[in-house]
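Listing of structure.cif; format and content: mmCIF, C-alpha atoms.
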```
data_target
#
loop_
_atom_site.label_atom_id
_atom_site.label_comp_id
_atom_site.auth_asym_id
_atom_site.auth_seq_id
_atom_site.Cartn_x
_atom_site.Cartn_y
_atom_site.Cartn_z
CA MET A 1 0.00 0.00 0.00
CA ILE A 2 1.00 3.65 -0.30
CA ILE A 3 1.36 4.93 3.26
CA GLN A 4 0.95 8.58 4.17
CA PRO A 5 0.89 10.26 7.60
CA ARG A 6 -2.52 10.65 9.22
CA THR A 7 -2.57 12.68 12.43
CA ARG A 8 -4.96 13.39 15.26
CA GLY A 9 -3.56 16.00 17.64
CA PHE A 10 -0.19 14.85 18.96
CA ILE A 11 -0.69 11.31 17.63
CA CYS A 12 0.21 9.98 14.21
CA LEU A 13 -2.19 7.17 13.33
CA THR A 14 0.01 5.64 10.64
CA ALA A 15 3.62 4.48 10.48
CA HIS A 16 5.93 3.74 7.55
CA PRO A 17 8.02 0.54 7.65
CA GLU A 18 10.61 1.70 5.11
CA GLY A 19 10.98 4.98 6.99
CA ALA A 20 11.49 3.09 10.25
CA LEU A 21 14.10 0.87 8.60
CA GLN A 22 16.02 3.86 7.26
CA THR A 23 15.85 5.60 10.65
CA VAL A 24 17.28 2.54 12.40
CA LYS A 25 20.01 2.22 9.75
CA ASN A 26 20.91 5.90 10.23
CA GLN A 27 21.19 5.42 13.99
CA ILE A 28 23.31 2.29 13.57
CA GLU A 29 25.62 4.17 11.21
CA TYR A 30 26.03 6.95 13.78
CA ILE A 31 26.95 4.48 16.54
CA ARG A 32 29.43 2.73 14.25
CA SER A 33 30.99 6.07 13.32
CA LYS A 34 31.83 6.72 16.98
CA GLY A 35 33.86 3.52 17.39
CA LYS A 36 33.49 0.76 19.96
CA ILE A 37 32.48 1.59 23.53
CA ALA A 38 35.33 0.42 25.74
CA ASN A 39 34.23 -1.97 28.49
CA GLY A 40 30.64 -1.76 27.20
CA PRO A 41 27.83 -4.18 28.11
CA LYS A 42 27.66 -7.61 26.49
CA LYS A 43 24.21 -8.96 27.42
CA VAL A 44 21.49 -6.34 27.66
CA LEU A 45 17.80 -6.27 28.52
CA VAL A 46 15.90 -3.18 27.37
CA ILE A 47 12.43 -2.76 28.88
CA GLY A 48 10.53 -0.34 26.66
CA ALA A 49 12.74 -1.05 23.67
CA SER A 50 10.75 0.05 20.63
CA THR A 51 10.79 3.86 20.41
CA GLY A 52 12.69 6.94 21.55
CA PHE A 53 15.43 6.42 24.11
CA GLY A 54 14.58 2.70 24.33
CA ILE A 55 15.34 1.77 20.72
CA ALA A 56 18.36 4.12 20.77
CA SER A 57 19.68 2.35 23.89
CA ARG A 58 19.31 -1.01 22.18
CA ILE A 59 21.17 0.21 19.10
CA ALA A 60 23.94 1.81 21.20
CA ALA A 61 24.48 -1.42 23.14
CA ALA A 62 24.35 -3.74 20.13
CA PHE A 63 26.36 -1.74 17.63
CA GLY A 64 28.53 0.12 20.15
CA SER A 65 29.74 -2.91 22.09
CA ASP A 66 28.48 -5.95 20.14
CA ALA A 67 25.96 -6.73 22.88
CA ALA A 68 23.35 -9.46 22.68
CA THR A 69 20.02 -7.73 23.36
CA ILE A 70 16.53 -8.70 24.46
CA GLY A 71 13.90 -6.02 23.94
CA VAL A 72 10.52 -5.90 25.67
CA PHE A 73 7.77 -3.68 24.27
CA PHE A 74 4.01 -3.48 23.77
CA GLU A 75 3.24 -2.70 20.14
CA LYS A 76 0.53 -3.47 17.61
CA PRO A 77 1.89 -5.94 15.03
CA SER A 78 1.27 -5.44 11.34
CA SER A 79 -0.76 -7.83 9.24
CA GLU A 80 -1.79 -7.97 5.62
CA GLY A 81 -3.73 -4.80 4.85
CA LYS A 82 -3.16 -3.39 8.37
CA LEU A 83 -0.32 -1.20 9.53
CA GLY A 84 1.67 -1.93 12.67
CA THR A 85 2.76 0.76 15.07
CA ALA A 86 5.98 2.72 14.66
CA GLY A 87 7.57 0.76 17.50
CA TRP A 88 6.73 -2.53 15.79
CA TYR A 89 8.46 -1.43 12.60
CA ASN A 90 11.46 -0.04 14.54
CA SER A 91 11.88 -3.37 16.32
CA ALA A 92 11.58 -5.35 13.11
CA ALA A 93 14.22 -3.14 11.50
CA PHE A 94 16.54 -3.43 14.49
CA GLU A 95 16.39 -7.23 14.60
CA GLN A 96 16.90 -7.46 10.85
CA GLU A 97 20.03 -5.28 11.01
CA ALA A 98 21.35 -6.95 14.18
CA HIS A 99 21.03 -10.41 12.65
CA LYS A 100 22.79 -9.21 9.50
CA ALA A 101 25.66 -8.09 11.73
CA GLY A 102 25.78 -11.48 13.45
CA LEU A 103 24.39 -10.14 16.73
CA TYR A 104 21.94 -11.94 19.00
CA ALA A 105 18.63 -10.05 19.16
CA LYS A 106 15.25 -11.30 20.34
CA SER A 107 12.11 -9.47 21.37
CA ILE A 108 9.02 -9.98 23.53
CA ASN A 109 5.79 -8.15 22.72
CA GLY A 110 3.42 -7.72 25.66
CA ASP A 111 2.54 -5.75 28.77
CA ALA A 112 5.84 -5.23 30.59
CA PHE A 113 3.95 -4.33 33.78
CA SER A 114 2.57 -7.87 33.97
CA ASP A 115 4.11 -10.78 35.88
CA GLU A 116 3.55 -12.96 32.81
CA ILE A 117 5.84 -10.89 30.59
CA LYS A 118 8.45 -10.62 33.35
CA GLN A 119 8.50 -14.42 33.61
CA GLN A 120 8.62 -14.84 29.83
CA THR A 121 11.63 -12.52 29.75
CA ILE A 122 13.38 -14.42 32.54
CA ASP A 123 12.79 -17.71 30.74
CA LEU A 124 14.34 -16.31 27.56
CA ILE A 125 17.39 -14.94 29.41
CA GLN A 126 17.92 -18.29 31.15
CA LYS A 127 17.57 -20.21 27.89
CA ASP A 128 19.71 -18.02 25.63
CA LEU A 129 21.97 -15.69 27.62
CA GLY A 130 22.21 -17.08 31.13
CA GLN A 131 22.54 -13.63 32.67
CA VAL A 132 22.43 -9.96 31.65
CA ASP A 133 24.93 -7.28 32.67
CA LEU A 134 22.79 -4.21 31.84
CA VAL A 135 19.07 -3.58 32.34
CA VAL A 136 17.66 -0.45 30.70
CA TYR A 137 14.25 0.65 32.00
CA SER A 138 12.65 2.97 29.43
CA LEU A 139 8.92 2.34 29.76
CA ALA A 140 6.49 5.12 28.80
CA SER A 141 2.79 4.34 29.14
CA PRO A 142 -0.36 6.30 30.03
CA ARG A 143 -1.74 3.47 32.19
CA ARG A 144 -0.67 0.43 34.16
CA THR A 145 -2.57 -2.54 35.47
CA HIS A 146 -0.93 -3.39 38.78
CA PRO A 147 0.26 -7.02 38.69
CA LYS A 148 -0.48 -7.62 42.38
CA THR A 149 -3.81 -5.80 42.86
CA GLY A 150 -5.29 -5.95 39.36
CA VAL A 151 -6.18 -2.24 39.63
CA THR A 152 -5.63 -0.19 36.46
CA HIS A 153 -4.05 3.21 37.15
CA ALA A 154 -4.15 6.08 34.62
CA SER A 155 -1.62 8.92 34.73
CA VAL A 156 -2.53 12.60 34.33
CA LEU A 157 -0.57 15.66 33.21
CA LYS A 158 -1.56 18.27 35.77
CA PRO A 159 -0.03 20.91 38.03
CA ILE A 160 -0.44 20.57 41.79
CA GLY A 161 -1.99 23.26 43.97
CA ALA A 162 -2.93 25.94 41.45
CA PRO A 163 -3.86 26.29 37.76
CA PHE A 164 -0.95 26.84 35.39
CA THR A 165 -1.16 29.33 32.54
CA ASN A 166 1.57 29.76 29.94
CA LYS A 167 2.28 29.70 26.23
CA THR A 168 1.97 26.64 24.08
CA VAL A 169 2.12 25.88 20.36
CA ASP A 170 0.18 23.75 17.93
CA PHE A 171 3.17 22.40 16.02
CA HIS A 172 0.99 21.45 13.05
CA THR A 173 -0.28 25.01 12.47
CA GLY A 174 2.36 27.11 14.24
CA ALA A 175 -0.26 28.90 16.33
CA VAL A 176 1.13 30.17 19.66
CA THR A 177 -1.58 30.57 22.28
CA ASP A 178 -2.01 30.69 26.03
CA ILE A 179 -3.20 27.57 27.78
CA THR A 180 -4.49 27.10 31.31
CA ILE A 181 -4.27 23.67 32.88
CA ALA A 182 -6.41 22.91 35.90
CA PRO A 183 -4.64 21.42 38.94
CA VAL A 184 -5.23 17.97 40.36
CA GLU A 185 -8.59 17.58 42.04
CA ASN A 186 -7.44 15.11 44.66
CA ASP A 187 -4.49 13.01 45.76
CA ASP A 188 -5.70 10.10 43.61
CA ASP A 189 -4.44 11.94 40.50
CA ILE A 190 -0.98 12.06 42.04
CA SER A 191 -0.94 8.49 43.36
CA ASN A 192 -2.22 7.08 40.06
CA THR A 193 0.45 8.94 38.09
CA VAL A 194 3.15 7.70 40.47
CA ALA A 195 1.78 4.15 40.13
CA VAL A 196 2.16 4.35 36.33
CA MET A 197 5.34 6.39 35.89
CA GLY A 198 7.19 5.99 39.19
CA GLY A 199 9.76 3.42 40.24
CA GLU A 200 7.66 0.54 41.57
CA ASP A 201 7.67 -1.45 38.34
CA TRP A 202 11.41 -0.93 37.87
CA LYS A 203 11.90 -2.36 41.37
CA PHE A 204 9.60 -5.30 40.57
CA TRP A 205 11.64 -6.07 37.45
CA MET A 206 14.96 -5.96 39.29
CA GLU A 207 13.63 -8.08 42.18
CA ASP A 208 12.27 -10.73 39.82
CA LEU A 209 15.44 -10.79 37.71
CA LYS A 210 17.64 -11.09 40.78
CA ASN A 211 15.51 -13.81 42.37
CA ALA A 212 15.72 -15.79 39.13
CA GLY A 213 19.52 -15.57 39.13
CA VAL A 214 19.74 -13.84 35.74
CA LEU A 215 21.67 -10.72 36.84
CA ALA A 216 25.43 -10.91 36.31
CA ASP A 217 27.96 -9.86 38.90
CA GLY A 218 28.58 -6.14 38.46
CA VAL A 219 25.23 -5.62 36.71
CA LYS A 220 24.14 -2.06 35.98
CA THR A 221 20.61 -0.79 35.54
CA VAL A 222 19.51 2.64 34.34
CA ALA A 223 16.14 4.37 34.11
CA TYR A 224 15.43 7.65 32.34
CA SER A 225 14.16 10.91 33.78
CA TYR A 226 13.89 14.60 32.93
CA ILE A 227 14.16 17.86 34.88
CA GLY A 228 14.05 20.75 32.42
CA PRO A 229 13.93 24.51 32.99
CA GLU A 230 11.94 26.39 35.62
CA LEU A 231 9.38 27.58 33.08
CA THR A 232 8.12 23.99 32.67
CA PHE A 233 8.30 23.13 36.39
CA PRO A 234 4.59 23.72 37.19
CA ILE A 235 3.42 21.22 34.55
CA TYR A 236 6.43 18.93 34.69
CA ARG A 237 8.84 18.73 37.63
CA ASN A 238 6.45 20.19 40.25
CA GLY A 239 3.37 18.55 38.71
CA THR A 240 2.07 15.01 38.73
CA ILE A 241 4.78 13.77 36.36
CA GLY A 242 7.46 15.27 38.59
CA GLN A 243 6.07 13.38 41.58
CA ALA A 244 6.42 10.17 39.57
CA LYS A 245 9.98 11.07 38.53
CA ASN A 246 10.87 11.77 42.18
CA ASP A 247 9.57 8.30 43.04
CA LEU A 248 11.63 6.80 40.20
CA GLU A 249 14.77 8.50 41.51
CA GLU A 250 14.05 7.34 45.08
CA SER A 251 13.90 3.75 43.76
CA VAL A 252 17.64 3.87 43.12
CA LYS A 253 18.36 3.49 46.85
CA HIS A 254 16.19 0.37 47.12
CA ILE A 255 17.66 -1.22 43.98
CA ASN A 256 21.24 -0.41 45.02
CA GLU A 257 20.67 -2.14 48.35
CA MET A 258 19.22 -5.14 46.52
CA LEU A 259 22.20 -5.34 44.13
CA LYS A 260 24.90 -4.87 46.77
CA ASP A 261 25.84 -8.54 46.98
CA LEU A 262 26.17 -8.64 43.18
CA HIS A 263 28.39 -5.51 43.20
CA GLY A 264 25.66 -4.01 40.99
CA LYS A 265 24.56 -0.41 40.65
CA ALA A 266 21.37 1.44 39.71
CA TYR A 267 21.28 4.86 38.10
CA VAL A 268 18.79 7.43 36.91
CA SER A 269 19.92 9.30 33.80
CA VAL A 270 18.46 12.77 33.35
CA ASN A 271 18.18 13.14 29.59
CA LYS A 272 17.71 16.05 27.23
CA ALA A 273 14.31 17.33 26.09
CA LEU A 274 13.55 15.71 22.75
CA VAL A 275 10.60 15.10 20.49
CA THR A 276 9.04 11.83 21.62
CA GLN A 277 5.49 10.50 21.58
CA SER A 278 5.37 11.29 25.30
CA SER A 279 6.78 14.84 25.20
CA SER A 280 4.46 15.82 22.34
CA ALA A 281 1.52 15.27 24.67
CA ILE A 282 2.69 17.73 27.34
CA PRO A 283 1.40 21.32 26.93
CA VAL A 284 4.11 24.04 26.86
CA VAL A 285 6.88 21.50 26.20
CA PRO A 286 6.73 21.50 22.35
CA LEU A 287 7.19 25.29 22.31
CA TYR A 288 10.09 25.05 24.76
CA ILE A 289 11.71 22.30 22.67
CA SER A 290 11.33 24.35 19.48
CA LEU A 291 13.14 27.29 21.08
CA LEU A 292 15.73 24.96 22.62
CA PHE A 293 16.49 23.27 19.28
CA LYS A 294 17.12 26.64 17.64
CA ALA A 295 19.56 27.71 20.38
CA MET A 296 21.39 24.37 20.51
CA LYS A 297 21.67 23.98 16.74
CA GLU A 298 23.14 27.47 16.46
CA LYS A 299 25.64 26.58 19.20
CA GLY A 300 26.43 23.18 17.60
CA THR A 301 25.39 21.19 20.69
CA HIS A 302 22.07 19.73 19.52
CA GLU A 303 21.62 15.97 20.00
CA GLY A 304 18.92 13.45 19.12
CA THR A 305 18.14 10.26 21.02
CA ILE A 306 20.95 8.26 19.42
CA GLU A 307 23.60 10.91 20.17
CA GLN A 308 22.34 11.09 23.76
CA MET A 309 22.50 7.33 24.23
CA GLN A 310 25.97 7.05 22.69
CA ARG A 311 27.22 9.70 25.09
CA LEU A 312 25.43 8.03 28.02
CA PHE A 313 27.11 4.70 27.32
CA ALA A 314 30.56 5.93 26.30
CA GLU A 315 31.04 8.90 28.66
CA ARG A 316 28.91 8.02 31.69
CA LEU A 317 28.00 4.33 32.23
CA TYR A 318 31.17 2.81 30.74
CA THR A 319 34.02 5.25 31.28
CA GLU A 320 37.59 4.04 30.86
CA ASP A 321 38.38 4.44 34.57
CA GLY A 322 35.10 2.82 35.62
CA ASN A 323 33.85 5.92 37.46
CA VAL A 324 30.32 7.10 36.62
CA PRO A 325 30.11 10.90 36.97
CA LEU A 326 27.06 11.92 39.02
CA ASP A 327 25.44 15.16 40.21
CA GLU A 328 24.95 16.13 43.87
CA LYS A 329 21.81 13.99 44.03
CA GLY A 330 23.51 10.93 42.57
CA ARG A 331 22.04 11.25 39.07
CA ILE A 332 23.70 10.93 35.68
CA ARG A 333 23.26 14.17 33.73
CA ILE A 334 23.28 14.08 29.96
CA ASP A 335 20.99 17.09 29.89
CA ASP A 336 24.13 19.13 30.65
CA TRP A 337 24.30 20.77 27.23
CA GLU A 338 20.60 21.64 27.34
CA MET A 339 20.91 23.22 30.78
CA ALA A 340 24.03 25.27 29.93
CA GLU A 341 23.56 28.87 31.11
CA ASP A 342 23.94 30.46 27.68
CA ILE A 343 21.43 28.06 26.10
CA GLN A 344 18.84 28.61 28.83
CA ALA A 345 19.34 32.40 28.69
CA GLU A 346 18.66 32.37 24.94
CA VAL A 347 15.56 30.21 25.37
CA ALA A 348 14.23 32.43 28.18
CA LYS A 349 14.78 35.60 26.11
CA ASN A 350 12.89 34.15 23.14
CA TRP A 351 10.16 32.63 25.32
CA ASP A 352 9.16 36.12 26.45
CA LYS A 353 8.78 37.43 22.91
CA VAL A 354 7.61 34.39 20.89
CA THR A 355 4.33 34.81 19.00
CA THR A 356 2.60 33.09 16.12
CA GLU A 357 4.02 35.75 13.82
CA ASN A 358 7.70 35.38 14.77
CA LEU A 359 7.68 31.66 15.67
CA SER A 360 9.43 30.43 12.54
CA GLU A 361 12.10 33.12 12.88
CA ILE A 362 13.12 32.63 16.54
CA SER A 363 12.38 28.91 17.00
CA ASP A 364 13.02 25.66 15.15
CA ILE A 365 9.35 24.73 14.89
CA GLU A 366 10.04 23.13 11.53
CA GLY A 367 12.70 20.92 13.10
CA TYR A 368 10.26 19.93 15.82
CA ARG A 369 7.57 19.10 13.30
CA ARG A 370 9.99 17.08 11.18
CA ASP A 371 11.27 15.16 14.21
CA PHE A 372 7.66 14.35 15.15
CA PHE A 373 6.97 12.80 11.75
CA ASN A 374 10.36 11.05 11.81
CA LEU A 375 9.13 9.16 14.91
CA PHE A 376 6.60 7.42 12.67
CA GLY A 377 8.93 6.85 9.72
CA PHE A 378 7.87 9.85 7.65
CA GLU A 379 9.94 12.65 6.07
CA ILE A 380 13.08 10.50 6.19
CA ASP A 381 15.65 11.33 3.49
CA GLY A 382 16.08 8.54 0.96
CA VAL A 383 12.61 7.02 1.35
CA ASP A 384 10.15 7.11 -1.58
CA TYR A 385 6.76 7.76 -0.01
CA GLU A 386 4.92 7.49 -3.34
CA LYS A 387 6.08 3.90 -3.74
CA ASP A 388 3.90 0.90 -2.96
CA THR A 389 5.22 -0.41 0.37
CA LYS A 390 4.82 -3.79 2.03
CA GLU A 391 2.92 -3.06 5.23
CA ASP A 392 3.15 -6.49 6.83
CA VAL A 393 6.62 -6.70 8.35
CA LYS A 394 7.59 -9.36 10.90
CA VAL A 395 9.82 -9.02 13.93
CA PRO A 396 11.94 -12.12 13.15
CA SER A 397 12.14 -13.53 16.68
CA ILE A 398 8.39 -13.29 17.26
CA ALA A 399 7.10 -14.01 13.78
CA GLY A 400 4.00 -16.17 13.98
#
```

In structure tokens, how does this file's structure come out?
Amino acid sequence: MIIQPRTRGFICLTAHPEGALQTVKNQIEYIRSKGKIANGPKKVLVIGASTGFGIASRIAAAFGSDAATIGVFFEKPSSEGKLGTAGWYNSAAFEQEAHKAGLYAKSINGDAFSDEIKQQTIDLIQKDLGQVDLVVYSLASPRRTHPKTGVTHASVLKPIGAPFTNKTVDFHTGAVTDITIAPVENDDDISNTVAVMGGEDWKFWMEDLKNAGVLADGVKTVAYSYIGPELTFPIYRNGTIGQAKNDLEESVKHINEMLKDLHGKAYVSVNKALVTQSSSAIPVVPLYISLLFKAMKEKGTHEGTIEQMQRLFAERLYTEDGNVPLDEKGRIRIDDWEMAEDIQAEVAKNWDKVTTENLSEISDIEGYRRDFFNLFGFEIDGVDYEKDTKEDVKVPSIAG
């Protein structure tokens, strides 16, 4: 079929398999261009492995240090006449390229919050790898069914205490408007968001993996977080999402205690603001990212997910001397270039004056929009979107 983008708000309803393949190939080429990661991981589990930082982590591990990888994700498969999700096509492309390179790569498609998928993953590790030396936790989901209680929790994007009014942008039209977001109505909004996006599931994974004996001595595990500038604090860091991120960061202490006898270590990596399916849904953030991209591209410090993950692996998790540089709260910071004083000063100056009329001049709204469509395999250089494309693409290790 001929596949074109179809959008509804911040969601793209279609995905292009050839675009996904080319995107994965481009990311692999970047990792290869940076050379091998010294002392990198060799057997890696990525939980939330199909999009954004998750797929980039898997590529960085596999093609940066020849790691065998298992990826867990929850995506809609393709079938004849029906498109799969972008994450499905990304995962199919990754496995195809990994196998071509002689690398072990298998995937599990299902609800990573469930005990069933955790056990399936453990069984696969025991059968094929024995143990893993890195666990990446990169899950992003709007809801979670708790495996112990059966209760389904839904997260919300809300400030706490007072309404929040600020600028936002419709990145499809370029219209800059004010938006007011009502605060949480009760503590349930906060607790539900923490249940979905906090650290409990990460802890469950690490407990189950350890109890099954599939964590190697010296194992590392990393989960991803975000802080951002003060202008986004009311909706992000001081809002419901921020409460969940605080919980995620607190989980490090529990996991470190659990891994002590394995000489293992848990980390939270604070990453840069980027265009992801998750960030596109947060009011105010797309406008901030558009202004940020402009400032960072002019400075020559802009990175995408693959550049961020290469730097995380090579310059933070697997340094030559074995020391992982951390901030005063024990976090890895690869948002350092984003939070540089000159970059934030430029963003703040333009935030005050940005309007619909001057948006394209003082921001990189076009770069934001292009990155959004790139997530779904569209607007990728070298792909013929007028060509008839095979929509039914299998992930080799889970082909029916």

Could you jot down the CA of Ala340 in chain A to CA of Thr23 in chain A separation for me, Å, one decimal place?
->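 These atoms are spaced 28.7 Å apart.
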
In terms of the shortest atom-to-atom distance over all atoms listed in the file, which of A:Gly84, A:Ala68, A:Leu274, A:Tyr89 is closest to Ala105 in chain A?
->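 The shortest atom-to-atom distance to Ala105 in chain A comes from A:Ala68.
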
Work out how far apart CA of Ile241 in chain A and CA of Val184 in chain A are and give it in Å to one decimal.
-> 11.6 Å

Write out as a ChimeraX atom specification each polymer residue whose atoms come within 10 Å of Ser141 in chain A, counting all atoms listed in the file; drop sequence neighbours fewer than 5 positions from it.
-> /A:48,74,113,154-155,196-197,278

Selection: 10 Å around range 148-150 of chain A, all atoms listed in the file, excl. self and same-chain fewer than 4 positions, as a list in words | Ser114, Asp115 and Arg144 of chain A

Restricted to C-alpha atoms, what would the selected residues look like written as a compact mmCIF listing (two decimals), in the coordinates of the input?
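The file below, out.txt, is the result:
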```txt
# COMPACT_ATOMS: atom_id res chain seq x y z
CA SER A 114 2.57 -7.87 33.97
CA ASP A 115 4.11 -10.78 35.88
CA ARG A 144 -0.67 0.43 34.16
```

Can you list, as a VMD selection string, every protein, DNA or RNA residue that comes within 6 Å of range 7-16 of chain A when you count all atoms listed in the file, leaving out same-chain residues fewer than 6 positions away?
-> chain A and resid 85 to 86 280 to 281 376 to 377

Selection dump of the PyMOL selection byres ((chain A and resi 72) around 12), as number ranges by chain | A: 44-51, 54-55, 58, 69-71, 73-75, 87-88, 91, 105-114, 117-122, 124-125, 135-139, 205, 397-398

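Across A:Asp66, A:Asp208, A:Asp384, A:Asp247, the tightest approach to Lys42 in chain A is made by A:Asp66 when counting all atoms listed in the file.
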
Quick one: pull the distance between CA of Gln4 in chain A and CA of Gln96 in chain A, Å, one decimal.
-> 23.6 Å

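Shell of range 352-362 of chain A at 9 Å, with all atoms listed in the file counted and residues fewer than 6 places along the chain excluded, is Lys167, Val169, Gly174, Ala175, Val176, Thr177, Ser290, Leu291, Lys294 and Ala295 of chain A.
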
Using all atoms listed in the file: which of A:Val270, A:Ile365, A:Pro5, A:Ile255 has the shortest distance to Leu326 in chain A =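 The answer is A:Val270, which sits nearest to Leu326 in chain A.
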
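Taking only C-alpha atoms, the non-local environment of Lys299 in chain A within 12 Å (same-chain residues fewer than 6 positions away omitted) comprises Leu292, Phe293, Trp337, Glu338, Ala340, Asp342, Ile343, Gln344 and Glu346 of chain A.
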
Check what the PyMOL selection byres ((chain A and resi 198) around 7) selects in the file above and give those residues as a list of chain:residue names.
->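 On this input, the PyMOL selection byres ((chain A and resi 198) around 7) captures A:Val194, A:Ala195, A:Val196, A:Met197, A:Gly199, A:Glu200, A:Ala244, A:Lys245, A:Asp247, A:Leu248.
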
Residues from last step as file, C-alpha atoms, as a tab-separated table (two decimals), in the frame of the given file:
```
chain	number	residue	atom	x	y	z
A	194	VAL	CA	3.15	7.70	40.47
A	195	ALA	CA	1.78	4.15	40.13
A	196	VAL	CA	2.16	4.35	36.33
A	197	MET	CA	5.34	6.39	35.89
A	199	GLY	CA	9.76	3.42	40.24
A	200	GLU	CA	7.66	0.54	41.57
A	244	ALA	CA	6.42	10.17	39.57
A	245	LYS	CA	9.98	11.07	38.53
A	247	ASP	CA	9.57	8.30	43.04
A	248	LEU	CA	11.63	6.80	40.20
```

How would you write, as a ChimeraX atom specification, the residues chosen by the PyMOL selection byres ((chain A and resi 56) around 9) on this structure?
-> /A:24,27-28,49-55,57-61,305-310

Compute the distance from (20.3, -16.3, 38.6) to each atom, counting all atoms listed in the file, keep the residues with any atom at most 9 Å away, and return them as a list in words; use the coordinates of the file.
-> Gln126, Gly130, Gln131, Leu209, Lys210, Asn211, Ala212, Gly213, Val214, Leu215 and Ala216 of chain A

Residues within 7 Å of (2.1, 4.8, 1.3), counting all atoms listed in the file, listed as a PyMOL selection string = chain A and resi 1-4+385-389
